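A.B. asks: Contents of protein.txt (compact mmCIF, C-alpha atoms) are given next:
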```
# COMPACT_ATOMS: atom_id res chain seq x y z
CA MET H 1 32.96 -105.05 61.20
CA LYS H 2 31.83 -101.68 59.86
CA ILE H 3 32.36 -98.90 62.40
CA ALA H 4 31.45 -95.22 62.24
CA PHE H 5 32.79 -92.39 64.36
CA VAL H 6 30.41 -89.41 64.58
CA GLY H 7 30.07 -86.31 66.74
CA LYS H 8 29.84 -82.56 66.61
CA GLY H 9 32.67 -80.56 65.10
CA GLY H 10 35.58 -80.30 67.52
CA SER H 11 34.47 -83.26 69.63
CA GLY H 12 37.62 -85.19 68.81
CA LYS H 13 36.03 -87.88 66.63
CA THR H 14 38.87 -87.84 64.09
CA THR H 15 41.46 -88.15 66.85
CA LEU H 16 39.59 -91.03 68.45
CA SER H 17 38.95 -92.80 65.16
CA SER H 18 42.66 -92.54 64.36
CA LEU H 19 43.57 -93.94 67.79
CA PHE H 20 41.16 -96.83 67.26
CA ILE H 21 42.66 -97.52 63.84
CA ARG H 22 46.13 -97.54 65.39
CA HIS H 23 44.90 -99.91 68.09
CA LEU H 24 43.46 -102.33 65.53
CA ALA H 25 46.66 -102.23 63.51
CA ALA H 26 48.68 -102.90 66.65
CA VAL H 27 46.73 -106.11 67.34
CA GLY H 28 47.23 -107.25 63.76
CA ALA H 29 43.71 -106.75 62.46
CA PRO H 30 43.10 -105.96 58.76
CA VAL H 31 41.76 -102.40 58.52
CA VAL H 32 40.30 -100.18 55.81
CA ALA H 33 40.11 -96.60 57.11
CA ILE H 34 37.88 -94.08 55.32
CA ASP H 35 37.83 -90.32 55.80
CA ALA H 36 34.27 -89.26 54.93
CA ASP H 37 34.41 -85.92 56.74
CA ILE H 38 34.14 -82.66 54.81
CA ASN H 39 37.28 -81.61 56.69
CA GLN H 40 39.87 -84.18 55.68
CA HIS H 41 42.06 -84.70 58.75
CA LEU H 42 42.25 -88.48 59.19
CA GLY H 43 45.40 -88.83 57.10
CA ALA H 44 47.22 -86.28 59.26
CA ALA H 45 45.96 -87.98 62.42
CA LEU H 46 47.49 -91.22 61.11
CA GLY H 47 50.84 -89.52 60.69
CA LEU H 48 50.86 -88.33 57.07
CA ASP H 49 52.47 -84.99 56.37
CA ASP H 50 50.62 -82.30 54.41
CA ASP H 51 52.02 -83.35 51.04
CA GLN H 52 51.25 -87.03 51.61
CA ALA H 53 47.71 -86.24 52.74
CA ALA H 54 47.11 -83.95 49.75
CA ALA H 55 48.31 -86.68 47.38
CA LEU H 56 45.71 -89.22 48.53
CA PRO H 57 43.37 -90.11 45.65
CA ALA H 58 39.85 -88.76 46.15
CA MET H 59 37.06 -91.34 45.92
CA GLY H 60 34.68 -88.63 44.72
CA GLU H 61 36.86 -88.06 41.67
CA ARG H 62 36.91 -91.78 40.84
CA LEU H 63 33.19 -92.41 41.11
CA GLN H 64 32.91 -93.54 37.49
CA LEU H 65 35.55 -96.23 38.04
CA ILE H 66 33.83 -97.34 41.25
CA LYS H 67 30.47 -97.64 39.50
CA ASP H 68 31.93 -99.45 36.49
CA TYR H 69 33.56 -102.05 38.73
CA LEU H 70 30.69 -102.60 41.18
CA ARG H 71 28.09 -102.84 38.43
CA GLY H 72 29.78 -105.96 37.06
CA CYS H 73 27.35 -107.83 34.85
CA ASN H 74 24.24 -107.04 36.88
CA PRO H 75 21.49 -107.12 34.20
CA ARG H 76 19.24 -104.82 36.25
CA ILE H 77 21.66 -101.90 35.92
CA ALA H 78 21.65 -100.67 32.33
CA SER H 79 24.80 -98.56 32.70
CA ALA H 80 27.08 -97.04 35.30
CA GLU H 81 25.45 -93.69 34.56
CA THR H 82 22.20 -94.96 36.08
CA MET H 83 23.89 -95.92 39.35
CA ILE H 84 23.41 -93.55 42.28
CA LYS H 85 24.88 -93.56 45.78
CA THR H 86 22.16 -95.90 47.09
CA THR H 87 22.15 -98.45 44.24
CA PRO H 88 22.09 -101.89 45.88
CA PRO H 89 23.96 -104.94 44.60
CA GLY H 90 22.21 -107.83 42.92
CA GLU H 91 23.00 -110.94 40.96
CA GLY H 92 26.04 -110.18 38.81
CA SER H 93 27.28 -107.23 40.88
CA ARG H 94 30.86 -107.21 42.05
CA LEU H 95 31.39 -107.08 45.81
CA LEU H 96 34.28 -105.67 47.83
CA ARG H 97 36.20 -107.60 50.46
CA VAL H 98 38.45 -106.03 53.08
CA GLN H 99 41.60 -108.04 52.38
CA GLU H 100 41.43 -108.43 48.61
CA ASP H 101 43.07 -106.47 45.83
CA ASN H 102 40.65 -104.98 43.33
CA PRO H 103 40.47 -101.97 40.96
CA VAL H 104 38.60 -99.84 43.54
CA PHE H 105 41.28 -100.29 46.18
CA ASP H 106 44.01 -99.91 43.56
CA ALA H 107 42.59 -96.54 42.50
CA CYS H 108 41.34 -95.17 45.81
CA ALA H 109 43.25 -96.76 48.70
CA ARG H 110 46.79 -96.14 49.84
CA PRO H 111 48.76 -98.09 52.45
CA VAL H 112 49.67 -96.19 55.60
CA GLU H 113 52.46 -97.61 57.70
CA LEU H 114 51.81 -97.40 61.43
CA ASP H 115 54.15 -98.64 64.12
CA GLY H 116 51.78 -101.51 64.75
CA GLY H 117 51.14 -102.48 61.12
CA THR H 118 49.73 -101.24 57.82
CA VAL H 119 46.19 -100.04 57.08
CA ARG H 120 44.47 -99.05 53.85
CA LEU H 121 43.35 -95.42 53.83
CA MET H 122 40.65 -94.05 51.54
CA VAL H 123 39.38 -90.46 51.43
CA THR H 124 36.35 -88.85 49.84
CA GLY H 125 38.41 -85.80 48.92
CA PRO H 126 38.01 -82.26 50.21
CA PHE H 127 35.33 -79.77 49.25
CA THR H 128 37.16 -77.63 46.69
CA ASP H 129 36.76 -74.10 45.36
CA ALA H 130 35.33 -75.59 42.16
CA ASP H 131 32.51 -77.16 44.20
CA LEU H 132 31.39 -73.92 45.82
CA GLY H 133 27.85 -73.00 44.82
CA VAL H 134 27.42 -75.91 42.41
CA ALA H 135 27.98 -79.14 44.32
CA CYS H 136 26.79 -80.87 47.46
CA TYR H 137 29.33 -82.67 49.66
CA HIS H 138 27.03 -85.67 49.74
CA SER H 139 27.93 -86.25 46.09
CA LYS H 140 31.42 -87.06 47.36
CA THR H 141 30.36 -89.21 50.31
CA GLY H 142 28.10 -91.06 47.89
CA ALA H 143 31.17 -92.96 46.75
CA VAL H 144 31.61 -94.22 50.31
CA GLU H 145 27.97 -95.25 50.59
CA LEU H 146 28.11 -97.13 47.29
CA CYS H 147 31.19 -99.04 48.44
CA LEU H 148 29.61 -99.88 51.80
CA ASN H 149 26.52 -101.19 49.98
CA HIS H 150 28.75 -103.61 48.08
CA LEU H 151 31.07 -104.55 50.96
CA VAL H 152 31.21 -108.06 52.41
CA ASP H 153 33.27 -107.95 55.58
CA GLY H 154 33.81 -110.78 58.02
CA ARG H 155 34.65 -111.38 61.65
CA ASP H 156 37.89 -109.68 62.78
CA GLU H 157 37.96 -107.45 59.69
CA TYR H 158 37.40 -103.74 60.23
CA VAL H 159 36.22 -100.83 58.13
CA VAL H 160 36.46 -97.62 60.18
CA VAL H 161 34.77 -94.50 58.80
CA ASP H 162 35.38 -91.01 60.16
CA MET H 163 32.02 -89.46 59.32
CA THR H 164 31.13 -85.84 58.62
CA ALA H 165 30.35 -83.79 61.73
CA GLY H 166 26.94 -83.45 63.30
CA SER H 167 23.91 -85.18 61.80
CA ASP H 168 24.83 -84.72 58.12
CA SER H 169 25.01 -88.48 57.61
CA PHE H 170 21.21 -88.59 57.84
CA ALA H 171 21.02 -86.91 54.44
CA SER H 172 21.34 -90.44 53.04
CA GLY H 173 21.01 -93.99 54.30
CA MET H 174 24.70 -94.25 55.16
CA PHE H 175 23.99 -94.10 58.90
CA THR H 176 22.48 -97.61 58.65
CA ARG H 177 25.57 -99.12 56.99
CA PHE H 178 27.47 -99.82 60.22
CA ASP H 179 27.56 -102.59 62.81
CA VAL H 180 28.20 -100.01 65.51
CA THR H 181 28.35 -96.22 65.63
CA PHE H 182 30.61 -94.58 68.19
CA LEU H 183 29.37 -91.08 68.98
CA VAL H 184 32.10 -88.91 70.48
CA ALA H 185 30.70 -86.44 73.00
CA GLU H 186 32.31 -83.87 75.27
CA PRO H 187 30.82 -83.48 78.76
CA THR H 188 28.89 -80.33 77.85
CA ARG H 189 25.31 -79.52 76.82
CA LYS H 190 26.44 -78.93 73.25
CA GLY H 191 28.49 -82.10 73.41
CA VAL H 192 25.45 -84.30 74.07
CA SER H 193 23.04 -82.43 71.78
CA VAL H 194 24.24 -84.36 68.71
CA TYR H 195 23.75 -87.58 70.67
CA ARG H 196 20.09 -86.78 71.31
CA GLN H 197 19.53 -85.90 67.66
CA TYR H 198 21.33 -89.01 66.43
CA LYS H 199 19.46 -91.23 68.86
CA GLU H 200 16.11 -89.84 67.71
CA TYR H 201 16.84 -90.18 64.00
CA ALA H 202 18.30 -93.68 64.30
CA ARG H 203 15.81 -95.24 66.72
CA ASP H 204 13.65 -96.88 64.03
CA PHE H 205 16.56 -98.43 62.12
CA GLY H 206 18.22 -100.71 64.66
CA VAL H 207 21.38 -98.60 64.81
CA VAL H 208 23.76 -99.71 67.57
CA LEU H 209 24.88 -96.43 69.14
CA LYS H 210 27.55 -96.15 71.84
CA VAL H 211 28.87 -92.92 73.35
CA VAL H 212 32.56 -92.25 73.85
CA GLY H 213 33.04 -89.45 76.36
CA ASN H 214 36.01 -87.33 75.31
CA LYS H 215 38.01 -84.61 77.07
CA VAL H 216 36.84 -85.95 80.41
CA GLN H 217 38.65 -84.41 83.37
CA GLY H 218 37.10 -86.05 86.40
CA GLN H 219 34.20 -87.86 88.03
CA ASP H 220 31.89 -84.87 87.65
CA ASP H 221 32.29 -85.06 83.86
CA ILE H 222 31.58 -88.79 83.92
CA ASP H 223 28.50 -88.27 86.10
CA PHE H 224 27.23 -85.59 83.71
CA LEU H 225 27.59 -87.84 80.69
CA ARG H 226 26.00 -90.78 82.48
CA ALA H 227 23.02 -88.63 83.46
CA GLU H 228 22.60 -87.38 79.89
CA VAL H 229 23.14 -90.57 77.86
CA GLY H 230 22.58 -93.37 80.38
CA ASP H 231 23.76 -96.84 79.48
CA ASP H 232 24.80 -95.69 76.00
CA LEU H 233 27.98 -94.33 77.63
CA LEU H 234 30.58 -96.98 76.83
CA VAL H 235 33.95 -95.47 77.77
CA THR H 236 35.57 -92.14 78.52
CA VAL H 237 38.87 -90.71 77.37
CA GLY H 238 40.83 -88.09 79.25
CA HIS H 239 43.82 -85.87 78.61
CA SER H 240 46.60 -87.51 76.62
CA ASP H 241 50.18 -86.31 76.34
CA TRP H 242 50.55 -88.89 73.55
CA VAL H 243 47.77 -87.25 71.55
CA ARG H 244 49.25 -83.80 72.15
CA SER H 245 52.56 -85.01 70.72
CA MET H 246 50.74 -86.61 67.79
CA GLU H 247 48.94 -83.36 67.03
CA LYS H 248 52.33 -81.64 66.90
CA GLY H 249 53.44 -84.17 64.30
CA ARG H 250 55.70 -86.06 66.68
CA PRO H 251 53.77 -89.17 67.78
CA PRO H 252 55.64 -91.48 70.16
CA ARG H 253 55.46 -95.24 69.73
CA PHE H 254 51.84 -96.29 70.05
CA ASP H 255 52.60 -98.66 72.91
CA LEU H 256 53.43 -95.56 74.99
CA LEU H 257 49.81 -94.38 74.90
CA GLU H 258 48.48 -93.98 78.43
CA ASP H 259 47.17 -97.21 79.98
CA ALA H 260 43.71 -95.79 80.70
CA ASN H 261 43.26 -94.69 77.10
CA ARG H 262 44.58 -98.01 75.80
CA ARG H 263 41.98 -99.79 77.92
CA SER H 264 39.26 -97.55 76.45
CA LEU H 265 40.32 -98.47 72.92
CA HIS H 266 40.25 -102.14 73.87
CA MET H 267 36.70 -101.68 75.15
CA LEU H 268 35.72 -100.14 71.81
CA GLN H 269 37.00 -103.22 70.03
CA ILE H 270 35.13 -105.53 72.38
CA ALA H 271 31.92 -103.58 71.78
CA ALA H 272 32.43 -103.67 68.01
CA ASP H 273 33.18 -107.40 68.00
CA ALA H 274 30.06 -108.12 70.08
CA THR H 275 27.83 -106.73 67.33
CA TYR H 276 29.00 -109.44 64.92
CA GLU H 277 26.58 -111.92 66.47
CA LEU H 278 23.75 -109.39 66.01
CA ARG H 279 24.21 -109.08 62.26
CA ASP H 280 21.00 -109.27 60.28
CA TRP H 281 21.89 -109.29 56.60
CA GLU H 282 18.25 -109.37 55.55
CA ARG H 283 17.54 -106.16 57.47
CA TYR H 284 20.75 -104.64 56.14
CA THR H 285 19.66 -105.37 52.57
CA ARG H 286 16.09 -104.25 53.26
CA GLN H 287 17.30 -100.88 54.55
CA MET H 288 19.48 -100.53 51.46
CA VAL H 289 16.41 -100.99 49.29
CA HIS H 290 14.34 -98.62 51.44
CA PHE H 291 16.74 -95.71 51.02
CA HIS H 292 17.32 -96.49 47.36
CA LEU H 293 13.62 -96.20 46.66
CA LYS H 294 13.41 -92.94 48.61
CA ASN H 295 16.31 -91.43 46.69
CA ALA H 296 14.98 -92.73 43.38
CA THR H 297 11.61 -91.05 43.94
CA SER H 298 13.08 -87.85 45.36
CA TRP H 299 15.68 -87.11 42.69
CA GLY H 300 17.32 -90.21 41.20
CA ASN H 301 14.76 -91.11 38.55
CA GLU H 302 14.69 -87.56 37.24
CA ARG H 303 18.47 -87.20 37.35
CA THR H 304 19.20 -90.44 35.49
CA GLY H 305 16.13 -90.64 33.29
CA ALA H 306 15.56 -94.23 34.44
CA ASP H 307 13.24 -96.11 36.75
CA LEU H 308 15.74 -96.93 39.48
CA ALA H 309 13.30 -99.18 41.33
CA ALA H 310 14.00 -101.68 38.55
CA GLN H 311 17.57 -102.01 39.86
CA ILE H 312 16.35 -103.90 42.92
CA ASP H 313 16.92 -107.65 42.78
CA PRO H 314 14.08 -109.03 44.96
CA GLY H 315 15.81 -112.34 45.60
CA PHE H 316 19.20 -110.91 46.54
CA VAL H 317 20.42 -110.70 50.16
CA LEU H 318 23.93 -109.44 50.81
CA ASN H 319 25.83 -111.78 53.14
CA GLU H 320 29.25 -113.20 53.85
CA ARG H 321 28.63 -116.44 51.95
CA LEU H 322 28.62 -114.41 48.75
CA ALA H 323 32.29 -113.60 49.29
CA ALA H 324 33.21 -117.00 47.92
CA THR H 325 30.65 -117.14 45.12
CA VAL H 326 30.18 -113.67 43.58
```
Please re-express this file's structure in structure tokens.
C.D. replies:
Amino acid sequence: MKIAFVGKGGSGKTTLSSLFIRHLAAVGAPVVAIDADINQHLGAALGLDDDQAAALPAMGERLQLIKDYLRGCNPRIASAETMIKTTPPGEGSRLLRVQEDNPVFDACARPVELDGGTVRLMVTGPFTDADLGVACYHSKTGAVELCLNHLVDGRDEYVVVDMTAGSDSFASGMFTRFDVTFLVAEPTRKGVSVYRQYKEYARDFGVVLKVVGNKVQGQDDIDFLRAEVGDDLLVTVGHSDWVRSMEKGRPPRFDLLEDANRRSLHMLQIAADATYELRDWERYTRQMVHFHLKNATSWGNERTGADLAAQIDPGFVLNERLAATV
């Protein structure tokens, strides 16, 4: 299952995504965690110290390797230099699987030991001084989108992406790459404003959107969120002494997390698992092609000097059966 955590800055999406990752690890699920936020805090939230977090390999700096591997022997892609963030797979492309070893994971993923198990952590890399004035952060998250386009994940496998804050993910087609999107919202007018924007942008693309109310202090907060987001409100999370200790760098054992918050994380997993039966690989592939054509026309053809529409394999549909054959 591919799962995104989104929300406005300061909503607590990184904290909640890290708690969900810990929960999945505790139940023994295979997990790939990806920090795609411009502010790289997921590693710290998973218990890495500053030096360990800084040493994580940046996907954005290994984009050439990613393209070289994913391109495979796809005859429609003349070279890795003509691949852009939206390039879809086709016959001959290499696909990624959650539990395999491959050159992309070798170069970009690092194991993180949690008290419930081990997860693979990947990061886009921070926005650096060298990028100021000359680069767009979406050039870094493009590595994530390219990997998601080539990912074949199955039931009970999880890829959890901590997305950039606000509605920045709509700058590409990455918002359609997930089985479910958890939008973290505080019980305030600003807290639900991103929800309204996300709901409006995503309504024509079949995005499954569920709201996680965070920093909820009582029934009045719950009533406010319910009035603002309706049935999209899935669970709420309140104050956590466990989280406070984690943020100080001293997380207790995960099984000491408050019962109410543990139940909320379990509900997130149930909601994510339920979307498996709703998977429509043809739509998923069709949306991939849609955004690739938009990007090709807007800037890709000019940037690469190639007709990127020719990269589309009209007979190719990404699906789980390809995991055993491609």
A.B. asks: Please determine, counting only C-alpha atoms, which residue among H:Ile77, H:Leu233, H:Ile21, H:Ile270 has the shortest atom-to-atom distance to Asp35 of chain H.
C.D. replies: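 Among H:Ile77, H:Leu233, H:Ile21, H:Ile270, it is H:Ile21 that comes nearest to Asp35 of chain H.
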A.B. asks: Could you pull out every residue with an atom within 7 Å of (44.2, -99.8, 53.7), file coordinates, counting all atoms listed in the file, and send them as a PDB file with C-alpha atoms, in the coordinates of the input?
C.D. replies:
```pdb
ATOM      1  CA  VAL H  31      41.760-102.400  58.520  1.00  0.00           C
ATOM      2  CA  VAL H  32      40.300-100.180  55.810  1.00  0.00           C
ATOM      3  CA  ALA H  33      40.110 -96.600  57.110  1.00  0.00           C
ATOM      4  CA  ALA H 109      43.250 -96.760  48.700  1.00  0.00           C
ATOM      5  CA  ARG H 110      46.790 -96.140  49.840  1.00  0.00           C
ATOM      6  CA  PRO H 111      48.760 -98.090  52.450  1.00  0.00           C
ATOM      7  CA  VAL H 112      49.670 -96.190  55.600  1.00  0.00           C
ATOM      8  CA  VAL H 119      46.190-100.040  57.080  1.00  0.00           C
ATOM      9  CA  ARG H 120      44.470 -99.050  53.850  1.00  0.00           C
ATOM     10  CA  LEU H 121      43.350 -95.420  53.830  1.00  0.00           C
TER      11      LEU H 121
END
```
A.B. asks: Give me the residues within 12 Å of Gly7 of chain H as a ChimeraX atom specification, counting only C-alpha atoms and dropping any in the same chain fewer than 2 places off.
C.D. replies: /H:4-5,9-17,37,162-169,181-186,190-199,209-214
A.B. asks: Against segment 290-307 of chain H, which residues of segment 78-98 of chain H fall within 9 Å? For each one I want the closest pair of atoms and the distance in Å (one decimal), counting only C-alpha atoms, rows by chain and increasing residue number, as CSV.
C.D. replies:
```
residue,atom,partner,partner_atom,distance
H:Glu81,CA,H:Thr304,CA,7.1
H:Thr82,CA,H:Thr304,CA,5.5
H:Met83,CA,H:Thr304,CA,8.2
H:Ile84,CA,H:Gly300,CA,7.0
H:Lys85,CA,H:His292,CA,8.3
H:Thr86,CA,H:His292,CA,4.9
H:Thr87,CA,H:His292,CA,6.1
H:Pro88,CA,H:His292,CA,7.4
```
A.B. asks: Mind giving me the axis-aligned box for segment 59-72 of chain H with 5 Å on every side, centre plus edges in Å to one decimal, as JSON?
C.D. replies:
```
{"center_x": 32.6, "center_y": -97.0, "center_z": 41.2, "size_x": 19.0, "size_y": 27.9, "size_z": 19.4}
```
A.B. asks: Residues near Asp273 of chain H, anyone? I mean within 12 Å using only C-alpha atoms, not counting same-chain ones fewer than 5 positions away, as a list of chain:residue names.
C.D. replies: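 Result of the neighbour search: H:Met1, H:Lys2, H:Ile3, H:Leu24, H:Ala29, H:Gly154, H:Arg155, H:Asp156, H:Glu157, H:Tyr158, H:Asp179, H:Val180, H:His266, H:Met267, H:Leu268, H:Leu278, H:Arg279.
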A.B. asks: Hey, which of H:Arg262, H:Tyr284, H:Ala54, H:Asp241 ends up closest to Gly206 of chain H? Count only C-alpha atoms.
C.D. replies: H:Tyr284
A.B. asks: Atom CA of Asn39 of chain H and atom CA of Val144 of chain H are how many Å apart?
C.D. replies: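 Calculated distance between atom CA of Asn39 of chain H and atom CA of Val144 of chain H is 15.2 Å.
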A.B. asks: Could you state the separation of atom CA of Leu308 of chain H and atom CA of Phe178 of chain H in Å, given to one decimal place?
C.D. replies: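 Separating atom CA of Leu308 of chain H from atom CA of Phe178 of chain H is a distance of 24.0 Å.
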A.B. asks: Ranking H:Arg226, H:Arg76, H:Arg283, H:Arg94 by minimum distance to Thr176 of chain H and counting all atoms listed in the file, which one comes first?
C.D. replies: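 The answer is H:Arg283, which sits nearest to Thr176 of chain H.
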A.B. asks: Select, counting all atoms listed in the file, all protein, DNA and RNA residues no farther than 12 Å from (47.9, -87.6, 45.1) in file coordinates, and express the selection as a PyMOL selection string.
C.D. replies: chain H and resi 50-59+61+107-110+122-123+125
A.B. asks: Would you mind reading off the distance between atom CA of Leu46 of chain H and atom CA of Ser18 of chain H, one decimal, in Å?
C.D. replies: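 Distance reported for this atom pair: 6.0 Å.
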A.B. asks: Using only C-alpha atoms, which protein or nucleic acid residues come within 9 Å of Ile222 of chain H? Drop anything in the same chain fewer than 6 positions from it, and give the result as a PyMOL selection string.
C.D. replies: chain H and resi 187+213+216+236
A.B. asks: Write out as a PyMOL selection string the residues lying within 9 Å of Glu282 of chain H, counting only C-alpha atoms and excluding same-chain residues fewer than 5 positions away.
C.D. replies: chain H and resi 287+317-319
A.B. asks: Write to file, as a CSV table (one decimal), keeping the file's coordinate frame, the residues of the selection just made, with C-alpha atoms.
C.D. replies:
```csv
chain,number,residue,atom,x,y,z
H,287,GLN,CA,17.3,-100.9,54.6
H,317,VAL,CA,20.4,-110.7,50.2
H,318,LEU,CA,23.9,-109.4,50.8
H,319,ASN,CA,25.8,-111.8,53.1
```
A.B. asks: Which polymer residues have any atom within 10 Å of an atom of Val243 of chain H, counting only C-alpha atoms, with same-chain residues fewer than 3 positions away left out, as a list in words?
C.D. replies: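 These residues fall inside the cut-off: Thr15, Leu16, Leu19, Ala45, His239, Ser240, Met246, Glu247, Lys248, Gly249, Arg250, Pro251, Pro252, Leu257 and Glu258 of chain H.
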A.B. asks: Using all atoms listed in the file, which of the listed residues (H:Cys147, H:Ala26, H:Val160, H:Val237) sits closest to Asp259 of chain H?
C.D. replies: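 Ranked by minimum distance to Asp259 of chain H, first place goes to H:Val237.
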A.B. asks: Please determine, counting all atoms listed in the file, which residue among H:Gly90, H:Pro103, H:Gly60, H:Pro75 has the shortest atom-to-atom distance to Thr285 of chain H.
C.D. replies: H:Gly90
A.B. asks: With only C-alpha atoms as the basis for distance, which of H:Ala25, H:Tyr69, H:Tyr201, H:Asp232 is at the shortest distance from Ala271 of chain H?
C.D. replies: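 Closest to Ala271 of chain H of all the choices is H:Asp232.
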